[in-house]
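This is structure.pdb (PDB, C-alpha atoms).
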ATOM      1  CA  MET A   1      -6.683 230.814  46.628
ATOM      2  CA  SER A   2      -4.896 228.955  49.427
ATOM      3  CA  GLU A   3      -5.335 225.232  49.983
ATOM      4  CA  ASP A   4      -7.320 225.871  53.163
ATOM      5  CA  LEU A   5      -9.690 228.196  51.317
ATOM      6  CA  GLN A   6     -10.123 225.752  48.447
ATOM      7  CA  ARG A   7     -10.917 222.899  50.819
ATOM      8  CA  LEU A   8     -13.438 224.872  52.820
ATOM      9  CA  ALA A   9     -15.076 226.326  49.699
ATOM     10  CA  ALA A  10     -15.573 222.805  48.300
ATOM     11  CA  LEU A  11     -17.091 221.571  51.568
ATOM     12  CA  TYR A  12     -19.311 224.644  51.791
ATOM     13  CA  ARG A  13     -20.520 224.093  48.223
ATOM     14  CA  THR A  14     -21.547 220.527  49.021
ATOM     15  CA  MET A  15     -23.399 221.612  52.150
ATOM     16  CA  VAL A  16     -25.364 224.441  50.574
ATOM     17  CA  ARG A  17     -26.361 222.255  47.613
ATOM     18  CA  ILE A  18     -27.762 219.732  50.083
ATOM     19  CA  ARG A  19     -29.543 222.437  52.087
ATOM     20  CA  ALA A  20     -31.027 224.063  48.992
ATOM     21  CA  PHE A  21     -32.266 220.681  47.748
ATOM     22  CA  GLU A  22     -33.811 219.761  51.089
ATOM     23  CA  ASN A  23     -35.545 223.113  51.465
ATOM     24  CA  ALA A  24     -37.064 222.880  47.989
ATOM     25  CA  ALA A  25     -38.120 219.264  48.450
ATOM     26  CA  GLU A  26     -39.675 220.108  51.811
ATOM     27  CA  ALA A  27     -41.766 222.899  50.296
ATOM     28  CA  ALA A  28     -42.853 220.695  47.406
ATOM     29  CA  SER A  29     -43.879 217.936  49.814
ATOM     30  CA  GLN A  30     -45.983 220.315  51.898
ATOM     31  CA  GLY A  31     -47.721 221.961  48.966
ATOM     32  CA  GLY A  32     -46.535 225.456  49.794
ATOM     33  CA  VAL A  33     -43.857 228.095  49.130
ATOM     34  CA  SER A  34     -42.454 226.432  46.027
ATOM     35  CA  ALA A  35     -44.014 227.250  42.659
ATOM     36  CA  TYR A  36     -44.292 223.491  42.262
ATOM     37  CA  GLY A  37     -45.806 222.839  45.665
ATOM     38  CA  LYS A  38     -49.102 221.312  44.539
ATOM     39  CA  ALA A  39     -50.425 219.220  41.705
ATOM     40  CA  ALA A  40     -53.634 220.055  39.849
ATOM     41  CA  ASP A  41     -55.593 217.760  42.169
ATOM     42  CA  GLY A  42     -54.293 219.613  45.229
ATOM     43  CA  SER A  43     -51.826 216.924  46.264
ATOM     44  CA  ALA A  44     -48.159 217.659  47.047
ATOM     45  CA  LYS A  45     -45.716 217.382  44.165
ATOM     46  CA  VAL A  46     -43.303 215.148  46.079
ATOM     47  CA  ARG A  47     -44.758 211.660  46.211
ATOM     48  CA  GLY A  48     -44.424 209.549  49.345
ATOM     49  CA  PRO A  49     -42.673 210.152  52.682
ATOM     50  CA  LEU A  50     -39.806 212.643  52.755
ATOM     51  CA  HIS A  51     -37.170 212.454  55.497
ATOM     52  CA  LEU A  52     -34.928 215.520  55.563
ATOM     53  CA  SER A  53     -31.258 215.771  56.557
ATOM     54  CA  THR A  54     -31.420 219.523  57.199
ATOM     55  CA  GLY A  55     -28.773 220.450  59.761
ATOM     56  CA  GLN A  56     -26.707 217.311  59.190
ATOM     57  CA  GLU A  57     -24.937 218.462  56.021
ATOM     58  CA  ALA A  58     -21.442 218.578  57.523
ATOM     59  CA  VAL A  59     -21.353 214.815  58.068
ATOM     60  CA  ALA A  60     -22.161 213.956  54.451
ATOM     61  CA  ALA A  61     -19.827 216.623  53.071
ATOM     62  CA  GLY A  62     -16.899 215.881  55.376
ATOM     63  CA  VAL A  63     -16.967 212.117  54.848
ATOM     64  CA  CYS A  64     -17.762 211.935  51.139
ATOM     65  CA  ALA A  65     -14.991 214.391  50.276
ATOM     66  CA  HIS A  66     -12.610 211.470  50.861
ATOM     67  CA  LEU A  67     -14.493 208.936  48.750
ATOM     68  CA  LYS A  68     -13.603 208.027  45.185
ATOM     69  CA  ARG A  69     -16.152 207.452  42.458
ATOM     70  CA  ASP A  70     -15.715 203.661  42.602
ATOM     71  CA  ASP A  71     -16.080 203.525  46.390
ATOM     72  CA  TYR A  72     -19.444 202.279  47.577
ATOM     73  CA  LEU A  73     -21.900 204.036  49.850
ATOM     74  CA  THR A  74     -25.051 202.887  51.613
ATOM     75  CA  SER A  75     -27.523 205.297  53.119
ATOM     76  CA  THR A  76     -30.666 205.587  55.202
ATOM     77  CA  HIS A  77     -34.216 206.855  54.743
ATOM     78  CA  ARG A  78     -32.634 210.298  55.300
ATOM     79  CA  GLY A  79     -30.216 209.993  52.406
ATOM     80  CA  HIS A  80     -30.462 212.932  49.999
ATOM     81  CA  GLY A  81     -27.351 214.564  51.427
ATOM     82  CA  HIS A  82     -25.218 211.434  51.179
ATOM     83  CA  THR A  83     -26.355 210.896  47.602
ATOM     84  CA  LEU A  84     -25.475 214.431  46.515
ATOM     85  CA  ALA A  85     -22.154 214.403  48.371
ATOM     86  CA  LYS A  86     -21.213 211.162  46.579
ATOM     87  CA  GLY A  87     -21.682 212.900  43.246
ATOM     88  CA  ALA A  88     -25.136 211.795  42.100
ATOM     89  CA  ASP A  89     -27.135 214.020  39.777
ATOM     90  CA  LEU A  90     -29.299 216.524  41.652
ATOM     91  CA  GLY A  91     -31.825 216.861  38.840
ATOM     92  CA  ARG A  92     -32.496 213.134  38.570
ATOM     93  CA  MET A  93     -33.022 212.933  42.328
ATOM     94  CA  MET A  94     -35.580 215.732  42.245
ATOM     95  CA  ALA A  95     -37.353 213.990  39.364
ATOM     96  CA  GLU A  96     -37.491 210.797  41.419
ATOM     97  CA  LEU A  97     -39.112 212.653  44.301
ATOM     98  CA  PHE A  98     -41.695 214.014  41.846
ATOM     99  CA  GLY A  99     -42.401 210.464  40.648
ATOM    100  CA  LYS A 100     -41.239 211.194  37.115
ATOM    101  CA  ALA A 101     -39.779 208.804  34.543
ATOM    102  CA  THR A 102     -36.457 210.669  34.460
ATOM    103  CA  GLY A 103     -35.752 209.901  38.115
ATOM    104  CA  PHE A 104     -33.101 207.445  39.304
ATOM    105  CA  ASN A 105     -35.695 204.704  39.719
ATOM    106  CA  GLY A 106     -38.005 205.785  36.934
ATOM    107  CA  GLY A 107     -40.248 207.534  39.440
ATOM    108  CA  LYS A 108     -41.133 204.287  41.179
ATOM    109  CA  GLY A 109     -38.869 204.468  44.213
ATOM    110  CA  GLY A 110     -39.177 207.919  45.680
ATOM    111  CA  SER A 111     -37.090 209.409  48.448
ATOM    112  CA  MET A 112     -36.382 206.244  50.428
ATOM    113  CA  HIS A 113     -35.141 204.218  47.463
ATOM    114  CA  ILE A 114     -32.704 206.627  45.830
ATOM    115  CA  ALA A 115     -29.746 204.839  44.237
ATOM    116  CA  ASP A 116     -27.121 205.685  41.632
ATOM    117  CA  PHE A 117     -24.753 202.815  40.938
ATOM    118  CA  SER A 118     -22.778 204.979  38.503
ATOM    119  CA  VAL A 119     -21.263 206.842  41.465
ATOM    120  CA  GLY A 120     -21.240 203.873  43.839
ATOM    121  CA  MET A 121     -24.361 204.927  45.742
ATOM    122  CA  LEU A 122     -25.959 201.544  46.435
ATOM    123  CA  GLY A 123     -29.169 202.926  47.816
ATOM    124  CA  ALA A 124     -31.148 204.630  50.512
ATOM    125  CA  ASN A 125     -33.145 202.281  52.727
ATOM    126  CA  GLY A 126     -36.446 202.726  54.487
ATOM    127  CA  VAL A 127     -35.690 199.981  57.029
ATOM    128  CA  VAL A 128     -33.695 201.200  60.030
ATOM    129  CA  ALA A 129     -30.245 199.508  60.170
ATOM    130  CA  ALA A 130     -30.837 197.585  56.930
ATOM    131  CA  GLY A 131     -28.036 199.406  55.123
ATOM    132  CA  LEU A 132     -25.415 198.012  57.523
ATOM    133  CA  PRO A 133     -25.358 194.386  56.299
ATOM    134  CA  ILE A 134     -25.632 195.583  52.701
ATOM    135  CA  ALA A 135     -22.531 197.707  53.217
ATOM    136  CA  VAL A 136     -20.660 194.821  54.809
ATOM    137  CA  GLY A 137     -21.596 192.548  51.916
ATOM    138  CA  ALA A 138     -20.361 195.151  49.439
ATOM    139  CA  ALA A 139     -17.113 195.586  51.377
ATOM    140  CA  HIS A 140     -16.608 191.827  51.503
ATOM    141  CA  ALA A 141     -17.003 191.689  47.726
ATOM    142  CA  GLN A 142     -14.427 194.469  47.359
ATOM    143  CA  LYS A 143     -11.973 192.500  49.478
ATOM    144  CA  LEU A 144     -12.537 189.222  47.636
ATOM    145  CA  GLN A 145     -12.089 191.018  44.313
ATOM    146  CA  ARG A 146      -8.971 192.730  45.685
ATOM    147  CA  ARG A 147     -10.294 196.067  44.579
ATOM    148  CA  ASP A 148      -8.677 199.308  45.646
ATOM    149  CA  ALA A 149     -11.949 200.649  47.009
ATOM    150  CA  ILE A 150     -13.875 200.940  50.268
ATOM    151  CA  THR A 151     -17.483 201.164  51.420
ATOM    152  CA  ALA A 152     -18.915 203.969  53.549
ATOM    153  CA  CYS A 153     -22.000 203.059  55.547
ATOM    154  CA  PHE A 154     -24.203 205.846  56.951
ATOM    155  CA  PHE A 155     -26.728 205.054  59.679
ATOM    156  CA  GLY A 156     -28.490 206.861  62.497
ATOM    157  CA  ASP A 157     -28.238 206.485  66.260
ATOM    158  CA  GLY A 158     -31.553 204.632  66.306
ATOM    159  CA  ALA A 159     -29.960 201.847  64.267
ATOM    160  CA  ILE A 160     -27.504 200.827  66.981
ATOM    161  CA  ASN A 161     -30.310 199.279  69.029
ATOM    162  CA  ARG A 162     -31.200 196.896  66.225
ATOM    163  CA  GLY A 163     -29.652 193.517  65.498
ATOM    164  CA  PRO A 164     -28.079 194.297  62.108
ATOM    165  CA  PHE A 165     -25.740 196.804  63.790
ATOM    166  CA  LEU A 166     -24.067 194.122  65.909
ATOM    167  CA  GLU A 167     -24.102 191.559  63.126
ATOM    168  CA  ALA A 168     -22.586 193.918  60.580
ATOM    169  CA  LEU A 169     -19.826 195.258  62.820
ATOM    170  CA  ASN A 170     -18.941 191.777  64.008
ATOM    171  CA  TRP A 171     -18.671 190.430  60.446
ATOM    172  CA  ALA A 172     -16.644 193.435  59.307
ATOM    173  CA  ARG A 173     -14.167 193.020  62.181
ATOM    174  CA  ILE A 174     -13.814 189.248  61.858
ATOM    175  CA  TYR A 175     -12.984 189.509  58.152
ATOM    176  CA  GLN A 176     -11.144 192.847  58.386
ATOM    177  CA  LEU A 177     -13.324 194.414  55.720
ATOM    178  CA  PRO A 178     -12.705 197.811  54.056
ATOM    179  CA  VAL A 179     -15.721 199.608  55.494
ATOM    180  CA  LEU A 180     -16.143 202.926  57.297
ATOM    181  CA  PHE A 181     -19.218 202.970  59.515
ATOM    182  CA  VAL A 182     -20.607 206.481  59.996
ATOM    183  CA  CYS A 183     -23.118 207.019  62.778
ATOM    184  CA  GLU A 184     -25.044 210.259  62.259
ATOM    185  CA  ASP A 185     -26.071 210.699  65.868
ATOM    186  CA  ASN A 186     -28.868 213.267  65.506
ATOM    187  CA  ARG A 187     -30.233 212.315  68.928
ATOM    188  CA  TRP A 188     -33.724 211.378  67.765
ATOM    189  CA  SER A 189     -35.157 208.041  66.666
ATOM    190  CA  ALA A 190     -38.301 208.999  64.776
ATOM    191  CA  THR A 191     -40.357 210.702  67.527
ATOM    192  CA  THR A 192     -38.390 209.360  70.498
ATOM    193  CA  ALA A 193     -35.235 210.809  72.043
ATOM    194  CA  SER A 194     -32.435 208.265  71.542
ATOM    195  CA  GLY A 195     -30.546 208.919  74.774
ATOM    196  CA  PRO A 196     -33.016 207.424  77.274
ATOM    197  CA  MET A 197     -33.459 204.379  75.019
ATOM    198  CA  THR A 198     -29.759 203.603  74.523
ATOM    199  CA  ALA A 199     -27.627 201.934  77.187
ATOM    200  CA  GLY A 200     -23.976 202.883  77.424
ATOM    201  CA  ASP A 201     -22.108 205.535  75.497
ATOM    202  CA  GLY A 202     -23.546 204.957  72.058
ATOM    203  CA  ALA A 203     -22.127 203.807  68.749
ATOM    204  CA  SER A 204     -18.442 204.450  69.425
ATOM    205  CA  ALA A 205     -18.469 202.530  72.708
ATOM    206  CA  ARG A 206     -20.184 199.552  71.115
ATOM    207  CA  ALA A 207     -17.706 199.571  68.227
ATOM    208  CA  ALA A 208     -14.818 199.544  70.704
ATOM    209  CA  ALA A 209     -16.368 196.515  72.420
ATOM    210  CA  LEU A 210     -16.054 194.711  69.077
ATOM    211  CA  ASP A 211     -12.408 195.800  68.696
ATOM    212  CA  ILE A 212     -13.218 198.367  65.994
ATOM    213  CA  GLU A 213     -11.417 201.671  66.354
ATOM    214  CA  ALA A 214     -13.870 204.552  66.641
ATOM    215  CA  GLU A 215     -13.662 208.313  66.943
ATOM    216  CA  ARG A 216     -16.270 210.815  68.090
ATOM    217  CA  VAL A 217     -16.472 214.163  66.353
ATOM    218  CA  ASP A 218     -18.593 217.305  66.365
ATOM    219  CA  GLY A 219     -20.798 216.473  63.406
ATOM    220  CA  ASN A 220     -21.704 220.145  62.899
ATOM    221  CA  ASP A 221     -18.072 221.189  62.378
ATOM    222  CA  VAL A 222     -17.358 220.290  58.767
ATOM    223  CA  LEU A 223     -13.606 220.806  59.091
ATOM    224  CA  ALA A 224     -13.465 218.514  62.125
ATOM    225  CA  VAL A 225     -15.542 215.874  60.311
ATOM    226  CA  HIS A 226     -13.317 216.197  57.240
ATOM    227  CA  ALA A 227     -10.115 215.796  59.231
ATOM    228  CA  THR A 228     -11.350 212.867  61.329
ATOM    229  CA  ALA A 229     -12.928 211.077  58.371
ATOM    230  CA  GLY A 230      -9.699 211.568  56.439
ATOM    231  CA  ARG A 231      -7.718 209.644  59.060
ATOM    232  CA  LEU A 232     -10.266 206.856  59.263
ATOM    233  CA  VAL A 233     -10.669 206.494  55.490
ATOM    234  CA  ALA A 234      -6.884 206.338  55.085
ATOM    235  CA  ALA A 235      -6.700 203.519  57.644
ATOM    236  CA  VAL A 236      -9.457 201.568  55.912
ATOM    237  CA  ARG A 237      -7.803 202.031  52.506
ATOM    238  CA  ARG A 238      -4.461 200.672  53.675
ATOM    239  CA  GLY A 239      -6.126 197.460  54.814
ATOM    240  CA  ALA A 240      -6.313 198.139  58.549
ATOM    241  CA  GLY A 241      -9.899 196.865  58.720
ATOM    242  CA  PRO A 242     -13.140 198.624  59.605
ATOM    243  CA  ARG A 243     -13.389 201.931  61.430
ATOM    244  CA  LEU A 244     -16.320 203.868  62.902
ATOM    245  CA  LEU A 245     -16.968 207.601  62.910
ATOM    246  CA  HIS A 246     -19.437 208.746  65.576
ATOM    247  CA  ALA A 247     -20.637 212.192  64.457
ATOM    248  CA  ILE A 248     -22.750 214.111  66.974
ATOM    249  CA  THR A 249     -25.230 216.321  65.115
ATOM    250  CA  TYR A 250     -28.896 217.289  65.363
ATOM    251  CA  ARG A 251     -32.014 216.763  63.276
ATOM    252  CA  VAL A 252     -33.553 220.219  63.151
ATOM    253  CA  LYS A 253     -36.666 219.095  61.252
ATOM    254  CA  GLY A 254     -39.352 216.619  62.226
ATOM    255  CA  HIS A 255     -39.146 212.929  61.439
ATOM    256  CA  VAL A 256     -40.806 213.561  58.067
ATOM    257  CA  SER A 257     -41.324 216.806  56.188
ATOM    258  CA  VAL A 258     -44.917 217.243  57.402
ATOM    259  CA  ASP A 259     -44.071 216.506  61.042
ATOM    260  CA  PRO A 260     -44.004 219.701  63.183
ATOM    261  CA  ALA A 261     -42.076 217.793  65.882
ATOM    262  CA  ALA A 262     -44.180 219.236  68.701
ATOM    263  CA  TYR A 263     -42.832 216.460  70.943
ATOM    264  CA  ARG A 264     -39.486 218.285  71.209
ATOM    265  CA  ASP A 265     -38.553 221.001  73.680
ATOM    266  CA  PRO A 266     -38.442 224.292  71.710
ATOM    267  CA  ALA A 267     -35.439 225.386  73.754
ATOM    268  CA  GLU A 268     -33.543 222.296  72.617
ATOM    269  CA  VAL A 269     -34.254 223.049  68.982
ATOM    270  CA  ALA A 270     -33.338 226.720  69.416
ATOM    271  CA  ALA A 271     -30.002 225.747  70.953
ATOM    272  CA  ALA A 272     -29.312 223.334  68.116
ATOM    273  CA  LEU A 273     -29.995 226.017  65.522
ATOM    274  CA  GLN A 274     -27.146 228.038  67.036
ATOM    275  CA  THR A 275     -24.732 225.315  65.912
ATOM    276  CA  ASP A 276     -25.843 225.288  62.272
ATOM    277  CA  PRO A 277     -23.027 223.685  60.240
ATOM    278  CA  ILE A 278     -23.362 226.022  57.268
ATOM    279  CA  ALA A 279     -23.227 229.135  59.444
ATOM    280  CA  GLY A 280     -20.237 227.630  61.214
ATOM    281  CA  ALA A 281     -18.451 226.969  57.928
ATOM    282  CA  ARG A 282     -19.097 230.531  56.780
ATOM    283  CA  ALA A 283     -17.626 231.879  60.040
ATOM    284  CA  ALA A 284     -14.580 229.632  59.625
ATOM    285  CA  TRP A 285     -14.190 230.867  56.048
ATOM    286  CA  LEU A 286     -14.282 234.532  57.024
ATOM    287  CA  ALA A 287     -11.610 233.881  59.657
ATOM    288  CA  LEU A 288      -9.113 232.689  57.042
ATOM    289  CA  PRO A 289      -6.625 235.120  55.448
ATOM    290  CA  GLY A 290      -7.768 236.310  52.036
ATOM    291  CA  ALA A 291     -11.339 235.068  52.401
ATOM    292  CA  GLN A 292     -14.143 237.114  50.882
ATOM    293  CA  ALA A 293     -17.832 236.765  51.723
ATOM    294  CA  ALA A 294     -18.690 237.325  48.056
ATOM    295  CA  THR A 295     -17.164 233.947  47.179
ATOM    296  CA  LEU A 296     -19.611 232.114  49.418
ATOM    297  CA  ASP A 297     -22.464 234.351  48.315
ATOM    298  CA  ALA A 298     -21.801 233.237  44.743
ATOM    299  CA  ILE A 299     -21.807 229.580  45.820
ATOM    300  CA  ASP A 300     -25.143 230.132  47.570
ATOM    301  CA  ALA A 301     -26.632 231.666  44.431
ATOM    302  CA  GLU A 302     -25.345 228.835  42.232
ATOM    303  CA  ALA A 303     -26.910 226.239  44.510
ATOM    304  CA  GLN A 304     -30.274 227.997  44.459
ATOM    305  CA  ALA A 305     -30.181 228.276  40.672
ATOM    306  CA  GLU A 306     -29.267 224.605  40.286
ATOM    307  CA  VAL A 307     -32.124 223.493  42.502
ATOM    308  CA  GLN A 308     -34.602 225.763  40.707
ATOM    309  CA  ALA A 309     -33.520 224.258  37.396
ATOM    310  CA  ALA A 310     -34.064 220.801  38.880
ATOM    311  CA  LEU A 311     -37.566 221.780  39.998
ATOM    312  CA  ASP A 312     -38.378 223.111  36.531
ATOM    313  CA  ALA A 313     -37.059 219.950  34.862
ATOM    314  CA  ALA A 314     -38.908 217.666  37.269
ATOM    315  CA  GLU A 315     -42.167 219.527  36.674
ATOM    316  CA  ALA A 316     -41.765 219.240  32.907
ATOM    317  CA  ALA A 317     -40.600 215.601  32.890
ATOM    318  CA  PRO A 318     -42.974 212.850  31.724
ATOM    319  CA  TRP A 319     -44.745 210.418  34.000
ATOM    320  CA  PRO A 320     -43.684 206.755  33.782
ATOM    321  CA  ASP A 321     -45.530 204.613  31.277
ATOM    322  CA  ALA A 322     -48.104 202.318  32.845
ATOM    323  CA  ALA A 323     -46.158 199.331  31.497
ATOM    324  CA  ALA A 324     -43.211 200.326  33.698
ATOM    325  CA  ALA A 325     -45.127 198.959  36.681
ATOM    326  CA  PHE A 326     -44.237 195.466  35.425
ATOM    327  CA  THR A 327     -40.482 196.062  35.129
ATOM    328  CA  ASP A 328     -37.809 195.784  37.819
ATOM    329  CA  VAL A 329     -39.889 193.282  39.784
ATOM    330  CA  GLN A 330     -39.273 189.670  40.659
ATOM    331  CA  THR A 331     -40.923 187.091  38.413
ATOM    332  CA  THR A 332     -42.484 183.867  39.628
ATOM    333  CA  GLY A 333     -40.749 182.095  36.773
ATOM    334  CA  ALA A 334     -43.910 181.221  34.908
ATOM    335  CA  GLY A 335     -43.988 184.447  32.936
ATOM    336  CA  VAL A 336     -47.634 184.957  33.752
ATOM    337  CA  TRP A 337     -49.061 187.630  36.066
ATOM    338  CA  ARG A 338     -51.833 186.389  38.295
TER     339      ARG A 338
END
Step by step, read the file and then write its structure as structure tokens.
Amino acid sequence: MSEDLQRLAALYRTMVRIRAFENAAEAASQGGVSAYGKAADGSAKVRGPLHLSTGQEAVAAGVCAHLKRDDYLTSTHRGHGHTLAKGADLGRMMAELFGKATGFNGGKGGSMHIADFSVGMLGANGVVAAGLPIAVGAAHAQKLQRRDAITACFFGDGAINRGPFLEALNWARIYQLPVLFVCEDNRWSATTASGPMTAGDGASARAAALDIEAERVDGNDVLAVHATAGRLVAAVRRGAGPRLLHAITYRVKGHVSVDPAAYRDPAEVAAALQTDPIAGARAAWLALPGAQAATLDAIDAEAQAEVQAALDAAEAAPWPDAAAAFTDVQTTGAGVWR
């Protein structure tokens, strides 16, 4: 297999694993389709809010392909794809969504608090823009420790209108920190279109105003994301300071998994579906010499089987012990619960 085929197959594998996970989690959160859609009491199997990254897979795959295991990553409330692309265990993430003891956070965190320090994934975050200063702090630590590692910080277009965006980019530029900022510009901030609420030309323009080099890229073209991220990551690694990747993509699902997104123009959504990153990657694959559709078909099947195994394991996993409610929390110092 040629180098081009190997690269695209690896990126495709990451994307379809993310898509298969999101589809299964969505069904389990809605109480339908999946065999594990509903609990005995009629409630959905996935506990708590679920924010999907369906349609944005190329950004996570293209960026994280350049990250090493000891690089750090911070994410958003829409972070399953980043977590999987960084190398975290798919089964443990599904268990966390089910609220089971075998999950990353012992079933106590849910979708918006996924973290796996073993692969450098410092955590999803339910507060818009809150991952930015965390990423900058992590990158500052890497610089002070003179580590050969960087931090990748994913955030959405809605985050650039919040204070932590300016504060984080300013600090990163002043101290020339090893951080790659990645704006997943999916054009929607919860239930509001981002464009009319954002002055100027978005994340890349604001980064340039702070003397941080930025590049815009088609966030639905995984090869373009991979190539652009590769240049930016290389610059950050050689000590050139922070960089920003402005990836233009689209959130094809509602804000949360049970949101039908009726506030959007159906024609807009239909047009976005024509730029599906996985379909685009498959077309790019078939255009390469020696490519066979059966190779990608096998990858699709493997992803589905892996996710089904994760669903089965999550369903069978034990619930957390009641005593676990008193662990991983801050103490008042007195040792007595009031």
Task: Expected selection from the PyMOL selection byres ((chain A and resi 314) around 7), given as a ChimeraX atom specification - done: /A:94-95,98,100,310-313,315-317
Open item on the list: Translate the PyMOL selection byres ((chain A and resi 49) around 9) into a concrete residue list for this structure, as a PyMOL selection string.
Closed with: chain A and resi 29+46-48+50-51+110-112+256-258
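Distances from A:Arg92, A:Arg206, A:Arg187, A:Arg238 to A:Glu167 were compared using all atoms listed in the file, and the smallest one belongs to A:Arg206.
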Task: Hits of the PyMOL selection byres ((chain A and resi 128) around 9) in this structure, as a PyMOL selection string - done: chain A and resi 76-77+125-127+129-131+155-156+158-159+162
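Take atom CA of A:Val119 and atom CA of A:Leu84: the distance between them is 10.0 Å.
Atom CA of A:Leu223 is found 13.9 Å from atom CA of A:Leu286.
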- [ ] Show which residues sit within 12 Å of A:Thr192, as an NGL selection string. Count only C-alpha atoms, and ignore same-chain residues fewer than 5 positions away.
- [x] :A and (157-158 or 186-187 or 197-198 or 254-255 or 261-264)
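Each of A:Ala301, A:Val182, A:Ala284, A:Ile174 was checked against A:Ala135 using only C-alpha atoms; the smallest atom-to-atom distance is that of A:Val182.
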TODO: Would you mind listing what lies within 10 Å of A:Ala227 as a ChimeraX atom specification, with all atoms listed in the file counted and same-chain residues fewer than 3 positions away left out?
DONE: /A:62-63,66,217,222-224,230-232
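Atom CA of A:Trp285 to atom CA of A:Thr14 spans 14.5 Å [interatomic distance, one decimal].
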- [ ] Using all atoms listed in the file, determine which residues lie at most 9 Å from A:Ala303, disregarding the query and same-chain residues fewer than 2 positions distant; provide the list as JSON, numbers by chain.
- [x] {"A": [13, 16, 17, 18, 19, 20, 21, 298, 299, 300, 301, 305, 306, 307, 308]}
Open item on the list: Nearest residue to A:Val269 out of A:Gly239, A:Gly31, A:Pro133, A:Gly55, using only C-alpha atoms?
Closed with: A:Gly55
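Distance check against A:Tyr12 using all atoms listed in the file: of A:Gly290, A:Pro260, A:Pro320, A:Gly280, the minimum falls on A:Gly280.
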Task: Residue nearest A:Ala61 among A:Lys108, A:His80, A:Arg147, A:Lys45 (counting only C-alpha atoms) - done: A:His80
Open item on the list: Applying 12 Å and all atoms listed in the file, which residues near A:Ala172 remain after dropping the ones on its own chain fewer than 2 positions away? List them as a ChimeraX atom specification.
Closed with: /A:132-141,143,151,153,164-170,174-181,207,210-212,236,240-244
TODO: Pick out the residues sitting within 6 Å of A:Met93, and hand them over as a PyMOL selection string; count only C-alpha atoms, and ignore anything fewer than 3 positions along from it in its own chain.
DONE: chain A and resi 90+96+103
My structure is short of atoms at stretch 285-298 of chain A; please model N, CA and C atoms there, returning them as a short mmCIF file (atom, residue, chain, number, x, y, z; two decimals), in the coordinates of the input.
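Result file rebuild.cif:
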data_model
loop_
_atom_site.label_atom_id
_atom_site.label_comp_id
_atom_site.auth_asym_id
_atom_site.auth_seq_id
_atom_site.Cartn_x
_atom_site.Cartn_y
_atom_site.Cartn_z
N TRP A 285 -14.70 230.31 57.31
CA TRP A 285 -14.19 230.87 56.05
C TRP A 285 -13.73 232.31 56.24
N LEU A 286 -14.58 233.11 56.85
CA LEU A 286 -14.28 234.53 57.02
C LEU A 286 -13.09 234.76 57.95
N ALA A 287 -12.75 233.76 58.75
CA ALA A 287 -11.61 233.88 59.66
C ALA A 287 -10.28 233.57 58.97
N LEU A 288 -10.34 233.04 57.75
CA LEU A 288 -9.11 232.69 57.04
C LEU A 288 -8.56 233.89 56.28
N PRO A 289 -7.24 234.01 56.20
CA PRO A 289 -6.62 235.12 55.45
C PRO A 289 -7.03 235.08 53.98
N GLY A 290 -7.42 236.21 53.45
CA GLY A 290 -7.77 236.31 52.04
C GLY A 290 -9.18 235.91 51.69
N ALA A 291 -9.97 235.51 52.68
CA ALA A 291 -11.34 235.07 52.40
C ALA A 291 -12.25 236.25 52.14
N GLN A 292 -13.17 236.08 51.20
CA GLN A 292 -14.14 237.11 50.88
C GLN A 292 -15.55 236.52 50.95
N ALA A 293 -16.45 237.23 51.59
CA ALA A 293 -17.83 236.76 51.72
C ALA A 293 -18.49 236.58 50.36
N ALA A 294 -18.08 237.39 49.39
CA ALA A 294 -18.69 237.32 48.06
C ALA A 294 -18.50 235.96 47.41
N THR A 295 -17.41 235.28 47.74
CA THR A 295 -17.16 233.95 47.18
C THR A 295 -18.25 232.98 47.62
N LEU A 296 -18.57 233.00 48.91
CA LEU A 296 -19.61 232.11 49.42
C LEU A 296 -20.99 232.56 48.97
N ASP A 297 -21.18 233.85 48.82
CA ASP A 297 -22.46 234.35 48.32
C ASP A 297 -22.73 233.81 46.91
N ALA A 298 -21.67 233.76 46.11
CA ALA A 298 -21.80 233.24 44.74
C ALA A 298 -22.13 231.74 44.76
#
